[in-house]
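Structure data (mmCIF, C-alpha atoms) from entry-v5.cif:
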```cif
data_coords
#
loop_
_atom_site.group_PDB
_atom_site.id
_atom_site.type_symbol
_atom_site.label_atom_id
_atom_site.label_comp_id
_atom_site.auth_asym_id
_atom_site.auth_seq_id
_atom_site.Cartn_x
_atom_site.Cartn_y
_atom_site.Cartn_z
ATOM 1 C CA MET A 213 10.365 -4.317 -10.033
ATOM 2 C CA PHE A 214 9.303 -0.956 -8.629
ATOM 3 C CA GLY A 215 12.254 0.398 -6.703
ATOM 4 C CA SER A 216 14.649 -1.810 -4.775
ATOM 5 C CA PRO A 217 13.483 -4.080 -1.909
ATOM 6 C CA LYS A 218 13.405 -2.470 1.537
ATOM 7 C CA THR A 219 13.411 -3.946 5.022
ATOM 8 C CA LEU A 220 12.333 -1.753 7.946
ATOM 9 C CA THR A 221 12.761 -2.879 11.544
ATOM 10 C CA PHE A 222 10.982 -1.025 14.364
ATOM 11 C CA HIS A 223 12.407 -1.339 17.882
ATOM 12 C CA TYR A 224 10.368 -0.627 21.011
ATOM 13 C CA ASP A 225 11.337 -0.752 24.682
ATOM 14 C CA GLN A 226 8.895 -0.453 27.597
ATOM 15 C CA LEU A 227 6.836 2.334 26.034
ATOM 16 C CA GLY A 228 4.504 2.551 29.014
ATOM 17 C CA ILE A 229 1.344 2.433 26.888
ATOM 18 C CA ASP A 230 0.442 0.422 23.810
ATOM 19 C CA ALA A 231 1.223 2.093 20.467
ATOM 20 C CA ASP A 232 -0.437 1.309 17.138
ATOM 21 C CA ILE A 233 0.679 2.549 13.732
ATOM 22 C CA LEU A 234 -0.458 2.121 10.161
ATOM 23 C CA ILE A 235 1.952 2.199 7.232
ATOM 24 C CA MET A 236 0.752 3.255 3.799
ATOM 25 C CA PHE A 237 2.054 4.512 0.470
ATOM 26 C CA GLU A 238 0.748 7.838 -0.793
ATOM 27 C CA PRO A 239 1.344 8.924 -4.393
ATOM 28 C CA THR A 240 2.947 12.352 -4.693
ATOM 29 C CA HIS A 241 1.430 15.069 -6.913
ATOM 30 C CA GLU A 242 -1.730 13.010 -7.512
ATOM 31 C CA GLN A 243 -4.851 15.173 -7.932
ATOM 32 C CA ALA A 244 -7.233 12.193 -7.789
ATOM 33 C CA LEU A 245 -6.072 11.201 -4.295
ATOM 34 C CA TYR A 246 -9.045 10.636 -1.958
ATOM 35 C CA LYS A 247 -11.415 11.304 -4.879
ATOM 36 C CA SER A 248 -11.154 8.294 -7.158
ATOM 37 C CA LEU A 249 -7.771 6.966 -6.008
ATOM 38 C CA PHE A 250 -7.342 5.705 -2.450
ATOM 39 C CA PRO A 251 -4.393 4.358 -0.440
ATOM 40 C CA VAL A 252 -4.677 0.993 1.287
ATOM 41 C CA THR A 253 -3.268 0.165 4.713
ATOM 42 C CA TRP A 254 -0.095 -1.722 3.815
ATOM 43 C CA LYS A 255 0.820 -2.729 7.370
ATOM 44 C CA ALA A 256 -0.802 -2.284 10.783
ATOM 45 C CA LEU A 257 1.614 -2.774 13.689
ATOM 46 C CA SER A 258 1.061 -2.869 17.436
ATOM 47 C CA PHE A 259 3.770 -2.282 20.040
ATOM 48 C CA PRO A 260 2.873 -3.446 23.586
ATOM 49 C CA GLY A 261 3.687 -0.878 26.234
ATOM 50 C CA THR A 262 4.949 -3.336 28.839
ATOM 51 C CA ARG A 263 7.476 -5.263 26.756
ATOM 52 C CA SER A 264 10.517 -4.750 24.556
ATOM 53 C CA GLY A 265 10.951 -6.163 21.074
ATOM 54 C CA ARG A 266 11.011 -5.418 17.402
ATOM 55 C CA ALA A 267 8.784 -5.716 14.346
ATOM 56 C CA THR A 268 10.093 -6.084 10.797
ATOM 57 C CA VAL A 269 8.283 -5.324 7.527
ATOM 58 C CA GLN A 270 9.526 -6.049 4.016
ATOM 59 C CA TYR A 271 8.738 -4.163 0.826
ATOM 60 C CA THR A 272 9.687 -6.386 -2.112
ATOM 61 C CA GLY A 273 9.145 -3.965 -5.011
ATOM 62 C CA ASP A 274 7.701 -6.927 -6.969
ATOM 63 C CA THR A 275 4.713 -5.096 -8.423
ATOM 64 C CA ALA A 276 1.311 -6.313 -9.542
ATOM 65 C CA LEU A 277 -2.011 -5.052 -10.806
ATOM 66 C CA LEU A 278 -5.044 -6.609 -9.187
ATOM 67 C CA VAL A 279 -8.813 -6.996 -9.307
ATOM 68 C CA PRO A 280 -9.771 -5.934 -5.766
ATOM 69 C CA GLN A 281 -12.887 -7.171 -3.976
ATOM 70 C CA THR A 282 -13.852 -5.331 -0.803
ATOM 71 C CA ASP A 283 -16.270 -6.041 2.045
ATOM 72 C CA ARG A 284 -18.547 -3.580 3.836
ATOM 73 C CA GLU A 285 -15.706 -2.359 6.025
ATOM 74 C CA GLY A 286 -13.540 -1.496 3.031
ATOM 75 C CA MET A 287 -11.247 -4.484 3.542
ATOM 76 C CA ILE A 288 -9.759 -5.977 0.395
ATOM 77 C CA VAL A 289 -10.772 -9.585 0.998
ATOM 78 C CA SER A 290 -9.676 -11.212 -2.252
ATOM 79 C CA THR A 291 -7.681 -10.350 -5.332
ATOM 80 C CA ASN A 292 -6.963 -11.630 -8.793
ATOM 81 C CA ALA A 293 -3.471 -10.388 -9.536
ATOM 82 C CA GLN A 294 -0.913 -10.343 -12.315
ATOM 83 C CA HIS A 295 2.736 -9.338 -12.179
ATOM 84 C CA CYS A 296 3.160 -6.018 -13.971
ATOM 85 C CA HIS A 297 6.417 -4.086 -13.876
ATOM 86 C CA ILE A 298 7.595 -0.742 -15.220
ATOM 87 C CA GLY A 299 7.285 -0.690 -18.997
ATOM 88 C CA GLN A 300 4.440 -3.213 -18.989
ATOM 89 C CA LYS A 301 0.643 -3.155 -19.345
ATOM 90 C CA CYS A 302 -2.159 -5.508 -18.329
ATOM 91 C CA VAL A 303 -5.724 -5.533 -19.646
ATOM 92 C CA MET A 304 -8.705 -6.068 -17.339
ATOM 93 C CA GLU A 305 -11.513 -8.001 -18.999
ATOM 94 C CA THR A 306 -14.761 -9.747 -17.998
ATOM 95 C CA ASP A 307 -15.213 -13.486 -18.455
ATOM 96 C CA SER A 308 -18.376 -15.353 -19.484
ATOM 97 C CA HIS A 309 -19.413 -15.637 -15.809
ATOM 98 C CA GLY A 310 -19.260 -11.880 -15.243
ATOM 99 C CA LYS A 311 -16.012 -11.992 -13.276
ATOM 100 C CA ASN A 312 -13.223 -9.549 -13.986
ATOM 101 C CA PHE A 313 -9.690 -10.809 -14.585
ATOM 102 C CA LEU A 314 -6.330 -9.479 -15.746
ATOM 103 C CA THR A 315 -4.401 -10.659 -18.774
ATOM 104 C CA SER A 316 -0.705 -11.430 -18.498
ATOM 105 C CA ALA A 317 1.567 -8.400 -18.704
ATOM 106 C CA GLU A 318 2.696 -7.283 -22.148
ATOM 107 C CA SER A 319 5.033 -4.582 -23.375
ATOM 108 C CA GLY A 320 3.733 -1.102 -22.711
ATOM 109 C CA ILE A 321 5.018 2.452 -22.583
ATOM 110 C CA PRO A 322 8.572 2.738 -21.198
ATOM 111 C CA GLY A 323 8.597 4.177 -17.694
ATOM 112 C CA ASN A 324 4.933 3.333 -17.041
ATOM 113 C CA ILE A 325 2.837 0.611 -15.427
ATOM 114 C CA GLN A 326 -0.604 0.632 -17.018
ATOM 115 C CA CYS A 327 -3.957 -1.110 -16.844
ATOM 116 C CA GLN A 328 -6.421 -0.922 -19.729
ATOM 117 C CA VAL A 329 -10.025 -1.465 -18.608
ATOM 118 C CA ASN A 330 -12.027 -3.486 -21.159
ATOM 119 C CA THR A 331 -14.635 -4.843 -18.763
ATOM 120 C CA SER A 332 -18.416 -5.015 -19.072
ATOM 121 C CA ASN A 333 -18.883 -2.183 -16.549
ATOM 122 C CA ALA A 334 -16.853 0.482 -14.771
ATOM 123 C CA SER A 335 -14.470 -1.442 -12.524
ATOM 124 C CA ASP A 336 -12.178 -1.062 -9.526
ATOM 125 C CA VAL A 337 -8.452 -1.512 -10.155
ATOM 126 C CA GLY A 338 -5.759 -2.145 -7.587
ATOM 127 C CA PHE A 339 -1.971 -1.939 -7.463
ATOM 128 C CA GLY A 340 0.337 -3.600 -4.979
ATOM 129 C CA VAL A 341 3.398 -5.740 -4.353
ATOM 130 C CA PHE A 342 3.848 -9.454 -3.850
ATOM 131 C CA ASN A 343 5.027 -10.490 -0.403
ATOM 132 C CA GLY A 344 8.382 -12.104 0.237
ATOM 133 C CA ASN A 345 6.986 -15.596 -0.336
ATOM 134 C CA LYS A 346 5.324 -14.484 -3.597
ATOM 135 C CA ASP A 347 2.103 -16.203 -2.529
ATOM 136 C CA ASP A 348 0.030 -13.103 -1.756
ATOM 137 C CA VAL A 349 -0.343 -9.534 -2.997
ATOM 138 C CA GLU A 350 -0.263 -6.630 -0.558
ATOM 139 C CA ALA A 351 -2.446 -3.855 -1.961
ATOM 140 C CA ILE A 352 -1.050 -0.313 -1.967
ATOM 141 C CA ILE A 353 -3.634 1.775 -3.844
ATOM 142 C CA LYS A 354 -7.097 1.297 -5.342
ATOM 143 C CA TRP A 355 -8.962 3.154 -8.062
ATOM 144 C CA ASP A 356 -12.757 3.279 -7.811
ATOM 145 C CA LYS A 357 -14.981 2.657 -10.848
ATOM 146 C CA VAL A 358 -12.604 3.205 -13.757
ATOM 147 C CA SER A 359 -14.671 3.768 -16.905
ATOM 148 C CA VAL A 360 -14.698 1.140 -19.629
ATOM 149 C CA GLY A 361 -12.127 1.924 -22.310
ATOM 150 C CA ASN A 362 -9.885 3.977 -20.038
ATOM 151 C CA THR A 363 -6.228 3.201 -19.410
ATOM 152 C CA ILE A 364 -4.770 4.181 -16.043
ATOM 153 C CA SER A 365 -1.110 4.713 -15.257
ATOM 154 C CA VAL A 366 0.308 3.853 -11.852
ATOM 155 C CA PRO A 367 1.985 6.829 -10.144
ATOM 156 C CA LEU A 368 5.742 6.267 -10.075
ATOM 157 C CA ASN A 369 6.555 8.326 -6.980
ATOM 158 C CA PHE A 370 5.318 7.251 -3.555
ATOM 159 C CA ASN A 371 5.908 8.531 -0.050
ATOM 160 C CA LEU A 372 5.916 5.909 2.690
ATOM 161 C CA LYS A 373 3.785 7.417 5.442
ATOM 162 C CA ILE A 374 3.243 6.260 9.002
ATOM 163 C CA TYR A 375 0.285 7.435 11.077
ATOM 164 C CA THR A 376 -0.874 6.749 14.599
ATOM 165 C CA ASN A 377 -3.503 4.089 14.022
ATOM 166 C CA PHE A 378 -7.047 4.224 15.354
ATOM 167 C CA GLY A 379 -8.676 1.054 14.122
ATOM 168 C CA TYR A 380 -7.451 0.550 10.558
ATOM 169 C CA GLN A 381 -6.504 -3.005 9.597
ATOM 170 C CA GLN A 382 -4.015 -4.284 7.047
ATOM 171 C CA GLY A 383 -5.655 -4.344 3.629
ATOM 172 C CA GLN A 384 -8.266 -1.721 4.517
ATOM 173 C CA VAL A 385 -8.940 1.081 2.037
ATOM 174 C CA ILE A 386 -8.266 4.509 3.562
ATOM 175 C CA GLN A 387 -10.956 7.011 2.606
ATOM 176 C CA ASP A 388 -9.365 9.972 4.407
ATOM 177 C CA VAL A 389 -6.408 10.428 6.776
ATOM 178 C CA MET A 390 -7.747 13.620 8.377
ATOM 179 C CA GLY A 391 -7.551 13.263 12.151
ATOM 180 C CA LEU A 392 -4.770 10.667 12.115
ATOM 181 C CA PRO A 393 -1.501 12.077 13.529
ATOM 182 C CA LEU A 394 1.300 11.822 10.962
ATOM 183 C CA VAL A 395 4.391 10.231 12.508
ATOM 184 C CA PHE A 396 6.730 9.797 9.552
ATOM 185 C CA SER A 397 6.931 10.513 5.804
ATOM 186 C CA LYS A 398 9.706 9.727 3.317
ATOM 187 C CA ASP A 399 10.107 8.876 -0.355
ATOM 188 C CA ILE A 400 10.271 5.066 -0.480
ATOM 189 C CA ASN A 401 13.162 5.224 -2.960
ATOM 190 C CA ALA A 402 15.185 7.363 -0.535
ATOM 191 C CA LEU A 403 15.230 4.624 2.101
ATOM 192 C CA THR A 404 18.232 2.339 2.365
ATOM 193 C CA GLU A 405 17.901 -1.377 1.662
ATOM 194 C CA SER A 406 17.757 -2.089 5.400
ATOM 195 C CA SER A 407 16.935 0.428 8.121
ATOM 196 C CA ASP A 408 16.253 0.420 11.859
ATOM 197 C CA TRP A 409 13.851 2.746 13.658
ATOM 198 C CA ALA A 410 13.199 3.487 17.327
ATOM 199 C CA VAL A 411 9.592 3.818 18.468
ATOM 200 C CA SER A 412 9.027 6.160 21.408
ATOM 201 C CA ILE A 413 6.178 7.947 23.142
ATOM 202 C CA ASP A 414 6.498 11.449 24.605
ATOM 203 C CA LEU A 415 4.805 12.936 27.671
ATOM 204 C CA SER A 416 1.707 13.826 25.643
ATOM 205 C CA ASN A 417 1.415 10.176 24.514
ATOM 206 C CA SER A 418 2.346 11.050 20.941
ATOM 207 C CA VAL A 419 4.202 8.375 18.935
ATOM 208 C CA HIS A 420 7.601 9.166 17.432
ATOM 209 C CA ILE A 421 9.751 7.137 15.043
ATOM 210 C CA THR A 422 13.418 8.037 14.654
ATOM 211 C CA PRO A 423 16.290 6.379 12.801
ATOM 212 C CA ILE A 424 18.803 4.344 14.778
#
```
Using the file provided, produce a representation of the structure as structure tokens.
Amino acid sequence: MFGSPKTLTFHYDQLGIDADILIMFEPTHEQALYKSLFPVTWKALSFPGTRSGRATVQYTGDTALLVPQTDREGMIVSTNAQHCHIGQKCVMETDSHGKNFLTSAESGIPGNIQCQVNTSNASDVGFGVFNGNKDDVEAIIKWDKVSVGNTISVPLNFNLKIYTNFGYQQGQVIQDVMGLPLVFSKDINALTESSDWAVSIDLSNSVHITPI
């Protein structure tokens, strides 16, 4: 596990206009960010302006390394994933058909989650969490073209960040957040197990999220 599970519930009430947000995890103190390491849209939520309701998202902390495949729009459309928790390592290899895969997790360096790249060519590597049903992996970050023979370590400190969304979809790789208004930022480990948040819009149509 990577931190304790978290449940976040967003409440909205007759906002007046529709509001869209994207939720992502951004590693802290990571020099490769937006160079060779990119966040992925974890959740994309829409709040209708003419209704009241709530939307709930769950972070399980059940971590995995993955072989990401992306389409032209940068959407991660399929993954080959393996559970990999702190203190474990997976190896990415290439099979006889030229497809990359991950070996089962084995003991690694304490305090680290690692992926050793032993593929036929430089390869993309992803990291994410299984959903609550454990039948799908939600990507969090993606490394581009990791060189053969290299071993990468997953950053252990993440900020959960929420931006006003202009077109990003869940599972889409984020190349740059410049121009997206930042609504909220907090260390994921500092959040309580369950939290409630009020969504509001001010007179300038800016989105705000505040704890309840």
*Quick one: apply the PyMOL selection byres ((chain A and resi 253) around 8) to the file and drop the selected residues here as a count of residues only.*
17
*Identify, on the basis of only C-alpha atoms, every residue whose closest approach to Leu372 in chain A does not exceed 7 Å; exclude the query and any residue fewer than 2 positions from it along the same chain; express the result as a ChimeraX atom specification.*
/A:236-238,370,374,397-400
*Distance criterion (only C-alpha atoms): nearest to Leu314 in chain A out of A:Thr221, A:Gln294, A:Asn343, A:Asn330*: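 Checking each candidate against Leu314 in chain A, we get A:Gln294 as the closest.
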*asked:* Could you list, as a ChimeraX atom specification, every residue within 12 Å of range 279-293 of chain A, counting only C-alpha atoms and ignoring same-chain residues fewer than 4 positions away?
replied: /A:250-254,274-275,302-306,311-317,327,329,331,335-342,346-358,379-387
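Here CA of Thr404 in chain A is placed at a distance of 6.9 Å from CA of Lys218 in chain A.
In this comparison, which uses only C-alpha atoms, the residue of A:Lys301, A:Lys373, A:Lys247, A:Arg266 approaching Phe222 in chain A most closely is A:Arg266.
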Evaluate the PyMOL selection byres ((chain A and resi 408) around 7) and record the selected residues as a PDB file with C-alpha atoms, in the coordinates of the input, following the chain and residue labels used in the document.
```
ATOM      1  CA  LEU A 220      12.333  -1.753   7.946  1.00  0.00           C
ATOM      2  CA  THR A 221      12.761  -2.879  11.544  1.00  0.00           C
ATOM      3  CA  PHE A 222      10.982  -1.025  14.364  1.00  0.00           C
ATOM      4  CA  SER A 407      16.935   0.428   8.121  1.00  0.00           C
ATOM      5  CA  TRP A 409      13.851   2.746  13.658  1.00  0.00           C
ATOM      6  CA  ALA A 410      13.199   3.487  17.327  1.00  0.00           C
ATOM      7  CA  PRO A 423      16.290   6.379  12.801  1.00  0.00           C
ATOM      8  CA  ILE A 424      18.803   4.344  14.778  1.00  0.00           C
TER       9      ILE A 424
END
```
*Quick one, how far is CA of Ser359 in chain A from CA of Gly310 in chain A?*
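These two atoms are separated by 16.4 Å.
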*What gap, in Å, lies between CA of Asn345 in chain A and CA of Pro260 in chain A?*
27.1 Å
*If you apply the PyMOL selection byres ((chain A and resi 323) around 7) to this file, what residues do you get, as JSON, numbers by chain?*
{"A": [298, 299, 321, 322, 324]}
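Distances to Glu318 in chain A were evaluated for A:Asn333, A:Gln300, A:Thr376, A:Ser418 using all atoms listed in the file, and the minimum falls at A:Gln300.
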*Proximity to Glu242 in chain A - best of A:Pro367, A:Gly391, A:Ser416, A:Ser406, only C-alpha atoms*: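 Counting only C-alpha atoms, the residue closest to Glu242 in chain A is A:Pro367.
Distance check against Ser308 in chain A using all atoms listed in the file: of A:Pro239, A:Ser264, A:Ser332, A:Gly273, the minimum falls on A:Ser332.
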